[in-house]
$ cat coords_8.cif   # mmCIF, C-alpha atoms
data_my_file
#
loop_
_atom_site.label_atom_id
_atom_site.label_comp_id
_atom_site.auth_asym_id
_atom_site.auth_seq_id
_atom_site.Cartn_x
_atom_site.Cartn_y
_atom_site.Cartn_z
CA MET A 19 28.43 -116.19 80.49
CA ASP A 20 27.30 -115.16 83.95
CA THR A 21 24.17 -112.99 84.06
CA THR A 22 24.47 -112.08 87.74
CA GLU A 23 27.07 -110.39 89.91
CA ARG A 24 26.75 -113.16 92.45
CA PRO A 25 29.18 -116.08 92.22
CA LEU A 26 27.60 -119.22 90.82
CA PRO A 27 28.24 -122.92 91.41
CA PRO A 28 30.27 -124.56 88.65
CA VAL A 29 28.27 -125.89 85.71
CA ALA A 30 28.64 -129.61 85.02
CA ASP A 31 27.12 -132.15 82.69
CA ALA A 32 24.20 -134.22 84.01
CA GLU A 33 26.31 -137.33 84.63
CA THR A 34 28.83 -135.42 86.75
CA TRP A 35 26.00 -133.74 88.68
CA ARG A 36 24.34 -137.11 89.40
CA ARG A 37 27.65 -138.63 90.53
CA GLU A 38 28.42 -135.80 92.95
CA LEU A 39 24.83 -135.77 94.22
CA ALA A 40 25.14 -139.51 94.90
CA GLU A 41 28.32 -138.87 96.91
CA LEU A 42 26.49 -136.24 98.96
CA ARG A 43 23.50 -138.55 99.38
CA VAL A 44 25.73 -141.07 101.19
CA ARG A 45 26.47 -138.46 103.86
CA GLU A 46 22.83 -137.32 103.98
CA LYS A 47 21.63 -140.87 104.57
CA ALA A 48 24.28 -141.38 107.25
CA ALA A 49 23.07 -138.19 108.97
CA THR A 50 19.48 -139.44 108.80
CA ARG A 51 20.47 -142.72 110.43
CA GLU A 52 22.39 -140.82 113.13
CA LEU A 53 19.32 -138.66 113.84
CA ASP A 54 17.29 -141.87 114.14
CA ALA A 55 19.84 -143.20 116.63
CA ILE A 56 19.73 -139.94 118.60
CA ALA A 57 15.93 -140.11 118.73
CA ALA A 58 16.17 -143.70 119.95
CA GLN A 59 18.53 -142.62 122.74
CA ARG A 60 16.16 -139.76 123.60
CA ARG A 61 13.31 -142.25 124.01
CA ARG A 62 15.47 -144.10 126.55
CA LEU A 63 16.32 -141.10 128.71
CA PRO A 64 15.29 -141.20 132.36
CA MET A 65 12.89 -138.50 133.55
CA VAL A 66 12.59 -136.34 136.64
CA GLU A 67 9.43 -135.73 138.67
CA LEU A 68 8.39 -132.08 138.93
CA PRO A 69 6.63 -130.18 141.71
CA ASP A 70 3.11 -128.88 141.24
CA TYR A 71 3.83 -125.64 139.37
CA THR A 72 1.11 -123.06 138.78
CA LEU A 73 1.20 -120.93 135.61
CA VAL A 74 -1.28 -118.34 134.37
CA GLY A 75 -3.25 -118.78 131.17
CA ALA A 76 -5.89 -116.76 129.35
CA ASP A 77 -8.50 -117.88 131.90
CA GLY A 78 -6.38 -117.40 135.00
CA PRO A 79 -4.11 -119.59 137.15
CA VAL A 80 -3.62 -123.13 135.90
CA ARG A 81 -1.63 -126.04 137.28
CA LEU A 82 1.07 -127.41 135.00
CA VAL A 83 -0.69 -130.76 134.97
CA ASP A 84 -3.78 -129.03 133.57
CA VAL A 85 -1.80 -127.34 130.77
CA PHE A 86 -1.77 -130.82 129.21
CA GLU A 87 -5.56 -130.48 128.77
CA GLY A 88 -5.95 -134.19 129.38
CA ARG A 89 -3.12 -135.27 127.09
CA THR A 90 -0.17 -137.31 128.27
CA GLN A 91 2.64 -135.44 126.46
CA LEU A 92 3.50 -131.74 126.37
CA ILE A 93 6.10 -129.58 124.62
CA THR A 94 6.76 -126.03 125.81
CA TYR A 95 8.72 -123.29 124.09
CA SER A 96 10.07 -120.66 126.49
CA HIS A 97 9.68 -117.35 124.63
CA MET A 98 12.18 -114.70 125.73
CA TRP A 99 10.55 -111.71 127.41
CA PHE A 100 12.04 -108.32 128.27
CA GLU A 101 10.05 -106.18 130.67
CA GLY A 102 8.82 -102.87 129.30
CA LYS A 103 9.68 -103.62 125.65
CA ASP A 104 7.13 -103.06 122.89
CA TRP A 105 8.74 -105.73 120.73
CA GLN A 106 9.99 -108.98 122.17
CA CYS A 107 12.78 -111.22 120.88
CA GLY A 108 12.71 -111.31 117.09
CA GLY A 109 14.17 -114.80 116.97
CA CYS A 110 11.49 -116.20 119.30
CA THR A 111 8.73 -114.24 117.58
CA GLY A 112 9.72 -115.48 114.13
CA PHE A 113 10.41 -119.03 115.31
CA THR A 114 7.01 -119.51 116.95
CA ALA A 115 5.21 -117.79 114.04
CA GLN A 116 5.90 -120.98 112.05
CA PHE A 117 3.48 -123.03 114.12
CA THR A 118 0.02 -122.27 112.77
CA ARG A 119 -1.45 -125.78 112.66
CA LEU A 120 -0.72 -128.06 115.59
CA GLY A 121 -3.62 -130.46 115.25
CA PHE A 122 -1.26 -133.15 113.96
CA LEU A 123 -0.11 -133.64 117.57
CA GLU A 124 -3.55 -134.79 118.71
CA PRO A 125 -3.21 -138.41 117.49
CA TYR A 126 0.01 -138.57 119.52
CA ASP A 127 -1.82 -137.40 122.67
CA ALA A 128 0.41 -134.34 122.76
CA ARG A 129 0.24 -130.55 122.94
CA PHE A 130 2.72 -127.72 122.14
CA VAL A 131 2.43 -124.34 123.90
CA ILE A 132 4.40 -121.18 124.65
CA VAL A 133 5.47 -120.17 128.15
CA THR A 134 6.96 -116.76 128.87
CA GLN A 135 8.09 -114.64 131.80
CA GLY A 136 5.81 -111.78 130.71
CA PRO A 137 2.61 -111.01 132.66
CA ILE A 138 -0.30 -112.82 131.02
CA ASP A 139 -2.15 -109.68 129.91
CA GLU A 140 0.96 -108.32 128.19
CA ALA A 141 1.82 -111.73 126.76
CA LEU A 142 -1.64 -112.19 125.24
CA ALA A 143 -1.58 -108.65 123.82
CA TYR A 144 1.77 -109.40 122.19
CA LYS A 145 0.46 -112.71 120.86
CA GLU A 146 -2.37 -110.81 119.16
CA LYS A 147 -0.08 -108.05 117.89
CA VAL A 148 2.23 -110.47 116.08
CA GLY A 149 -0.52 -112.89 115.03
CA ASN A 150 0.82 -115.86 116.97
CA ARG A 151 -1.47 -118.92 116.82
CA MET A 152 -0.13 -120.90 119.78
CA ASP A 153 -1.55 -120.95 123.31
CA TRP A 154 0.45 -118.82 125.74
CA TYR A 155 1.03 -119.19 129.48
CA SER A 156 2.81 -116.84 131.87
CA THR A 157 5.45 -117.97 134.34
CA ALA A 158 5.91 -114.47 135.78
CA ASP A 159 4.81 -115.58 139.26
CA SER A 160 6.28 -119.08 139.11
CA PRO A 161 9.79 -120.53 139.30
CA PHE A 162 8.84 -122.79 136.38
CA GLY A 163 10.56 -120.67 133.70
CA ALA A 164 13.85 -120.39 135.54
CA ASP A 165 13.75 -124.05 136.56
CA MET A 166 13.24 -125.04 132.93
CA GLY A 167 16.26 -123.08 131.69
CA ALA A 168 14.63 -119.74 130.80
CA PRO A 169 15.04 -117.27 133.68
CA PRO A 170 13.57 -113.74 133.62
CA GLY A 171 15.23 -111.42 131.12
CA ALA A 172 17.18 -114.13 129.34
CA GLY A 173 17.03 -117.45 127.62
CA PHE A 174 14.80 -119.48 125.39
CA ALA A 175 14.36 -123.21 125.61
CA VAL A 176 12.33 -126.23 124.61
CA ASN A 177 11.17 -128.70 127.24
CA VAL A 178 9.17 -131.90 126.97
CA PHE A 179 7.01 -133.43 129.66
CA LEU A 180 5.11 -136.63 130.33
CA ARG A 181 2.02 -136.84 132.55
CA ASP A 182 1.05 -139.89 134.55
CA GLY A 183 -2.19 -139.08 136.34
CA ASP A 184 -1.54 -135.89 138.31
CA THR A 185 2.23 -136.32 138.27
CA VAL A 186 4.32 -134.48 135.66
CA TYR A 187 7.81 -135.54 134.62
CA ARG A 188 10.41 -133.61 132.62
CA THR A 189 11.82 -135.83 129.87
CA TRP A 190 13.94 -133.61 127.58
CA HIS A 191 15.39 -130.11 127.26
CA THR A 192 17.35 -128.11 124.72
CA ASP A 193 18.22 -124.49 124.00
CA GLY A 194 20.34 -122.46 121.61
CA ARG A 195 20.74 -124.12 118.23
CA GLY A 196 19.20 -127.27 119.66
CA THR A 197 15.82 -125.70 118.94
CA GLU A 198 16.52 -125.73 115.18
CA GLN A 199 15.24 -129.28 114.82
CA LEU A 200 11.73 -127.94 115.44
CA SER A 201 12.03 -125.37 112.65
CA HIS A 202 11.07 -125.87 109.02
CA GLU A 203 12.53 -122.47 108.10
CA PHE A 204 16.18 -123.44 108.42
CA ALA A 205 15.53 -126.85 106.91
CA LEU A 206 14.29 -125.15 103.73
CA ILE A 207 16.89 -122.36 103.71
CA ASP A 208 19.74 -124.85 104.13
CA LEU A 209 18.67 -126.49 100.85
CA LEU A 210 19.28 -123.27 98.91
CA PRO A 211 22.54 -122.92 96.93
CA TYR A 212 23.60 -119.95 99.07
CA GLY A 213 22.33 -121.40 102.37
CA ARG A 214 21.65 -119.03 105.25
CA GLU A 215 24.17 -116.50 103.94
CA GLU A 216 25.68 -116.11 107.41
CA ALA A 217 29.41 -115.56 107.94
CA TRP A 218 29.91 -118.49 110.33
CA GLN A 219 28.89 -121.01 107.68
CA ASP A 220 31.42 -122.91 105.58
CA SER A 221 30.62 -121.65 102.09
CA PRO A 222 32.60 -121.35 98.85
CA GLU A 223 34.78 -118.28 98.38
CA GLY A 224 32.74 -115.26 97.37
CA TRP A 225 29.38 -116.65 98.49
CA PRO A 226 27.07 -113.96 99.96
CA GLN A 227 27.52 -113.93 103.73
CA GLY A 228 26.51 -111.44 106.41
CA ASP A 229 25.89 -111.24 110.12
CA PRO A 230 24.00 -114.09 111.81
CA GLY A 231 20.27 -113.38 111.84
CA GLU A 232 20.61 -110.50 109.38
CA LYS A 233 17.89 -111.88 107.11
CA TRP A 234 15.55 -113.11 109.82
CA PHE A 235 12.21 -111.38 110.08
CA SER A 236 12.06 -108.79 112.86
CA SER A 237 9.17 -108.88 115.32
CA GLN A 238 7.75 -105.85 113.53
CA LYS A 239 7.87 -107.67 110.19
CA VAL A 240 6.11 -110.69 111.68
CA ALA A 241 3.40 -108.38 113.02
CA GLU A 242 3.10 -106.66 109.66
CA LEU A 243 2.61 -109.97 107.86
CA TYR A 244 0.57 -111.94 110.37
CA GLY A 245 -0.58 -109.63 113.18
CA ALA A 246 -3.94 -108.16 114.04
CA GLY A 247 -3.69 -105.47 111.35
CA ALA A 248 -2.50 -107.74 108.56
CA HIS A 249 -4.76 -108.24 105.55
CA HIS A 250 -3.85 -111.92 105.18
CA ARG A 251 -3.27 -114.28 108.08
CA ASP A 252 -1.96 -117.67 106.98
#
$ encode --input "coords_8.cif" --output "structure tokens"
Amino acid sequence: MDTTERPLPPVADAETWRRELAELRVREKAATRELDAIAAQRRRLPMVELPDYTLVGADGPVRLVDVFEGRTQLITYSHMWFEGKDWQCGGCTGFTAQFTRLGFLEPYDARFVIVTQGPIDEALAYKEKVGNRMDWYSTADSPFGADMGAPPGAGFAVNVFLRDGDTVYRTWHTDGRGTEQLSHEFALIDLLPYGREEAWQDSPEGWPQGDPGEKWFSSQKVAELYGAGAHHRD
């Protein structure tokens, strides 16, 4: 007898469950191999040489080549920024709040930072307000943001770069749902029986489903949990 108003998956004996899990596992393994093949193709992409962009960091103007801080590989996340707003994009704020420990990139000679179209003083104040742990750079006075697929007032993107001496090359770019591969949030949520509970997803009849992003943390919630005034900062 059901003890909840929510619909439940059918109940099966252990043998049936193992058999159907094994059938699913075939597709999961095939998807893993396809992701491996995609990564292999990504490693074979050509790259494009970039001009000598200048961004602004916490200590003032900084050349893009120096954002690497001596490393050879760099990932940037372009955080959406809307001029005059107290709270910036909730999706970007929640997404980048995941990255609290990036030291694992050091053995790979790599770094991961945020770039945004906001002025650096406002960007750093927002970083503190929401408790973001990443290093931020402003592209407000540089064409870098727009050139990398995140123009003022719109857009978020991930870009990857390779440095050879003082020359920087762009090696990869994605935006939209392409950024999900960097997220552990969706990877965990997608394992749940009810998934993301968003209407666009293919779910069984009666499964809880609402508007896309309905259950995502707002920027205010991120600040409440992790920002300057929070009691616990993980």
$ residues_near_point --input "coords_8.cif" --point "(15.1, -116.4, 111.4)" --cutoff "7 Å" --atoms "all atoms listed in the file" --output "list in words"
Gly109, Gly112, Phe113, Gly231, Lys233, Trp234 and Phe235 of chain A
$ residues_around --input "coords_8.cif" --residues "Cys107 in chain A" --least-positions-apart "5" --cutoff "8 Å" --atoms "all atoms listed in the file" --output "ChimeraX atom specification"
/A:97-100,237
$ resolve_selection --input "coords_8.cif" --expression "the PyMOL selection byres ((chain A and resi 84-92) around 7)" --output "list in words"
Val80, Arg81, Leu82, Val83, Ile93, Thr94, Asp127, Ala128, Arg129, Phe130, Val178, Phe179, Leu180, Arg181 and Asp182 of chain A
$ residues_around --input "coords_8.cif" --residues "range 57-67 of chain A" --least-positions-apart "3" --cutoff "10 Å" --atoms "only C-alpha atoms" --output "MDAnalysis selection string"
chainID A and resid 51:54 70 179:181 185:190
$ residues_around --input "coords_8.cif" --residues "range 145-161 of chain A" --least-positions-apart "5" --cutoff "10 Å" --atoms "all atoms listed in the file" --output "CSV table (one decimal) with C-alpha atoms, in the coordinates of the input"
chain,number,residue,atom,x,y,z
A,71,TYR,CA,3.8,-125.6,139.4
A,72,THR,CA,1.1,-123.1,138.8
A,73,LEU,CA,1.2,-120.9,135.6
A,74,VAL,CA,-1.3,-118.3,134.4
A,75,GLY,CA,-3.2,-118.8,131.2
A,76,ALA,CA,-5.9,-116.8,129.4
A,77,ASP,CA,-8.5,-117.9,131.9
A,78,GLY,CA,-6.4,-117.4,135.0
A,79,PRO,CA,-4.1,-119.6,137.2
A,80,VAL,CA,-3.6,-123.1,135.9
A,82,LEU,CA,1.1,-127.4,135.0
A,85,VAL,CA,-1.8,-127.3,130.8
A,94,THR,CA,6.8,-126.0,125.8
A,95,TYR,CA,8.7,-123.3,124.1
A,96,SER,CA,10.1,-120.7,126.5
A,97,HIS,CA,9.7,-117.4,124.6
A,99,TRP,CA,10.6,-111.7,127.4
A,105,TRP,CA,8.7,-105.7,120.7
A,106,GLN,CA,10.0,-109.0,122.2
A,111,THR,CA,8.7,-114.2,117.6
A,112,GLY,CA,9.7,-115.5,114.1
A,114,THR,CA,7.0,-119.5,117.0
A,115,ALA,CA,5.2,-117.8,114.0
A,116,GLN,CA,5.9,-121.0,112.0
A,117,PHE,CA,3.5,-123.0,114.1
A,118,THR,CA,0.0,-122.3,112.8
A,119,ARG,CA,-1.4,-125.8,112.7
A,120,LEU,CA,-0.7,-128.1,115.6
A,129,ARG,CA,0.2,-130.6,122.9
A,130,PHE,CA,2.7,-127.7,122.1
A,131,VAL,CA,2.4,-124.3,123.9
A,132,ILE,CA,4.4,-121.2,124.6
A,133,VAL,CA,5.5,-120.2,128.2
A,134,THR,CA,7.0,-116.8,128.9
A,135,GLN,CA,8.1,-114.6,131.8
A,136,GLY,CA,5.8,-111.8,130.7
A,137,PRO,CA,2.6,-111.0,132.7
A,138,ILE,CA,-0.3,-112.8,131.0
A,139,ASP,CA,-2.2,-109.7,129.9
A,140,GLU,CA,1.0,-108.3,128.2
A,166,MET,CA,13.2,-125.0,132.9
A,168,ALA,CA,14.6,-119.7,130.8
A,169,PRO,CA,15.0,-117.3,133.7
A,170,PRO,CA,13.6,-113.7,133.6
A,237,SER,CA,9.2,-108.9,115.3
A,238,GLN,CA,7.8,-105.8,113.5
A,239,LYS,CA,7.9,-107.7,110.2
A,240,VAL,CA,6.1,-110.7,111.7
A,241,ALA,CA,3.4,-108.4,113.0
A,242,GLU,CA,3.1,-106.7,109.7
A,243,LEU,CA,2.6,-110.0,107.9
A,244,TYR,CA,0.6,-111.9,110.4
A,245,GLY,CA,-0.6,-109.6,113.2
A,246,ALA,CA,-3.9,-108.2,114.0
A,247,GLY,CA,-3.7,-105.5,111.4
A,248,ALA,CA,-2.5,-107.7,108.6
A,251,ARG,CA,-3.3,-114.3,108.1
A,252,ASP,CA,-2.0,-117.7,107.0
$ atom_distance --input "coords_8.cif" --atom1 "CA of Glu203 in chain A" --atom2 "CA of Arg24 in chain A"
23.1 Å
$ atom_distance --input "coords_8.cif" --atom1 "CA of Asp220 in chain A" --atom2 "CA of Arg195 in chain A"
16.6 Å
$ residues_around --input "coords_8.cif" --residues "Pro211 in chain A" --least-positions-apart "6" --cutoff "10 Å" --atoms "all atoms listed in the file" --output "VMD selection string"
chain A and resid 26 to 27 221 225
$ write_last_selection --input "coords_8.cif" --atoms "C-alpha atoms" --output "short mmCIF file (atom, residue, chain, number, x, y, z; two decimals), keeping the file's coordinate frame"
data_model
loop_
_atom_site.label_atom_id
_atom_site.label_comp_id
_atom_site.auth_asym_id
_atom_site.auth_seq_id
_atom_site.Cartn_x
_atom_site.Cartn_y
_atom_site.Cartn_z
CA LEU A 26 27.60 -119.22 90.82
CA PRO A 27 28.24 -122.92 91.41
CA SER A 221 30.62 -121.65 102.09
CA TRP A 225 29.38 -116.65 98.49
#
$ closest_residue --input "coords_8.cif" --among "A:Cys110, A:Val29, A:Ala217, A:Leu68" --to "Asp193 in chain A" --atoms "all atoms listed in the file"
A:Cys110
$ atom_distance --input "coords_8.cif" --atom1 "CA of Glu216 in chain A" --atom2 "CA of Arg45 in chain A"
22.6 Å
$ closest_residue --input "coords_8.cif" --among "A:Pro125, A:Gly173, A:Pro28, A:Gly102" --to "Ala141 in chain A" --atoms "all atoms listed in the file"
A:Gly102
$ axis_aligned_box --input "coords_8.cif" --around "range 153-172 of chain A" --padding-each-side "3 Å" --output "lines of an AutoDock Vina configuration file"
center_x = 7.8
center_y = -118.2
center_z = 131.3
size_x = 24.7
size_y = 19.6
size_z = 22.0
$ resolve_selection --input "coords_8.cif" --expression "the PyMOL selection byres ((chain A and resi 214) around 9)" --output "PyMOL selection string"
chain A and resi 204+207-208+210+212-213+215-217+219+227+230-231+233
$ closest_residue --input "coords_8.cif" --among "A:Leu123, A:Asp104, A:Arg37, A:Glu23" --to "Pro226 in chain A" --atoms "only C-alpha atoms"
A:Glu23
$ closest_residue --input "coords_8.cif" --among "A:Glu38, A:Glu124, A:Glu101, A:Asp165" --to "His191 in chain A" --atoms "all atoms listed in the file"
A:Asp165
$ decode --input "coords_8.cif" --residues "range 190-207 of chain A" --atoms "N, CA and C atoms" --output "mmCIF file, in the first residue's frame"
data_model
loop_
_atom_site.group_PDB
_atom_site.id
_atom_site.type_symbol
_atom_site.label_atom_id
_atom_site.label_comp_id
_atom_site.auth_asym_id
_atom_site.auth_seq_id
_atom_site.Cartn_x
_atom_site.Cartn_y
_atom_site.Cartn_z
ATOM 1 N N TRP A 190 38.714 25.288 -27.006
ATOM 2 C CA TRP A 190 37.371 24.700 -26.914
ATOM 3 C C TRP A 190 36.404 25.725 -26.353
ATOM 4 N N HIS A 191 35.144 25.584 -26.715
ATOM 5 C CA HIS A 191 34.085 26.483 -26.235
ATOM 6 C C HIS A 191 32.778 25.719 -26.163
ATOM 7 N N THR A 192 31.954 26.062 -25.171
ATOM 8 C CA THR A 192 30.577 25.582 -25.130
ATOM 9 C C THR A 192 29.730 26.596 -24.387
ATOM 10 N N ASP A 193 28.418 26.469 -24.541
ATOM 11 C CA ASP A 193 27.485 27.307 -23.778
ATOM 12 C C ASP A 193 26.190 26.527 -23.611
ATOM 13 N N GLY A 194 25.172 27.174 -23.074
ATOM 14 C CA GLY A 194 23.903 26.494 -22.854
ATOM 15 C C GLY A 194 24.083 25.225 -22.032
ATOM 16 N N ARG A 195 23.396 24.167 -22.445
ATOM 17 C CA ARG A 195 23.468 22.913 -21.690
ATOM 18 C C ARG A 195 24.813 22.215 -21.846
ATOM 19 N N GLY A 196 25.653 22.724 -22.751
ATOM 20 C CA GLY A 196 26.990 22.167 -22.863
ATOM 21 C C GLY A 196 27.808 22.331 -21.601
ATOM 22 N N THR A 197 27.417 23.298 -20.765
ATOM 23 C CA THR A 197 28.161 23.526 -19.519
ATOM 24 C C THR A 197 27.839 22.480 -18.456
ATOM 25 N N GLU A 198 26.792 21.675 -18.672
ATOM 26 C CA GLU A 198 26.381 20.711 -17.645
ATOM 27 C C GLU A 198 27.466 19.694 -17.325
ATOM 28 N N GLN A 199 28.321 19.394 -18.283
ATOM 29 C CA GLN A 199 29.337 18.380 -18.034
ATOM 30 C C GLN A 199 30.312 18.801 -16.947
ATOM 31 N N LEU A 200 30.357 20.095 -16.623
ATOM 32 C CA LEU A 200 31.216 20.561 -15.542
ATOM 33 C C LEU A 200 30.523 20.472 -14.184
ATOM 34 N N SER A 201 29.245 20.188 -14.166
ATOM 35 C CA SER A 201 28.453 20.258 -12.940
ATOM 36 C C SER A 201 28.300 18.897 -12.277
ATOM 37 N N HIS A 202 28.509 18.852 -10.958
ATOM 38 C CA HIS A 202 28.178 17.620 -10.244
ATOM 39 C C HIS A 202 26.733 17.648 -9.748
ATOM 40 N N GLU A 203 26.109 18.817 -9.729
ATOM 41 C CA GLU A 203 24.730 18.919 -9.241
ATOM 42 C C GLU A 203 23.783 18.072 -10.097
ATOM 43 N N PHE A 204 23.784 18.325 -11.401
ATOM 44 C CA PHE A 204 22.855 17.606 -12.268
ATOM 45 C C PHE A 204 23.204 16.125 -12.332
ATOM 46 N N ALA A 205 24.493 15.816 -12.268
ATOM 47 C CA ALA A 205 24.887 14.409 -12.291
ATOM 48 C C ALA A 205 24.260 13.648 -11.128
ATOM 49 N N LEU A 206 24.221 14.266 -9.955
ATOM 50 C CA LEU A 206 23.607 13.628 -8.784
ATOM 51 C C LEU A 206 22.082 13.619 -8.895
ATOM 52 N N ILE A 207 21.507 14.763 -9.282
ATOM 53 C CA ILE A 207 20.051 14.872 -9.354
ATOM 54 C C ILE A 207 19.478 13.900 -10.372
#
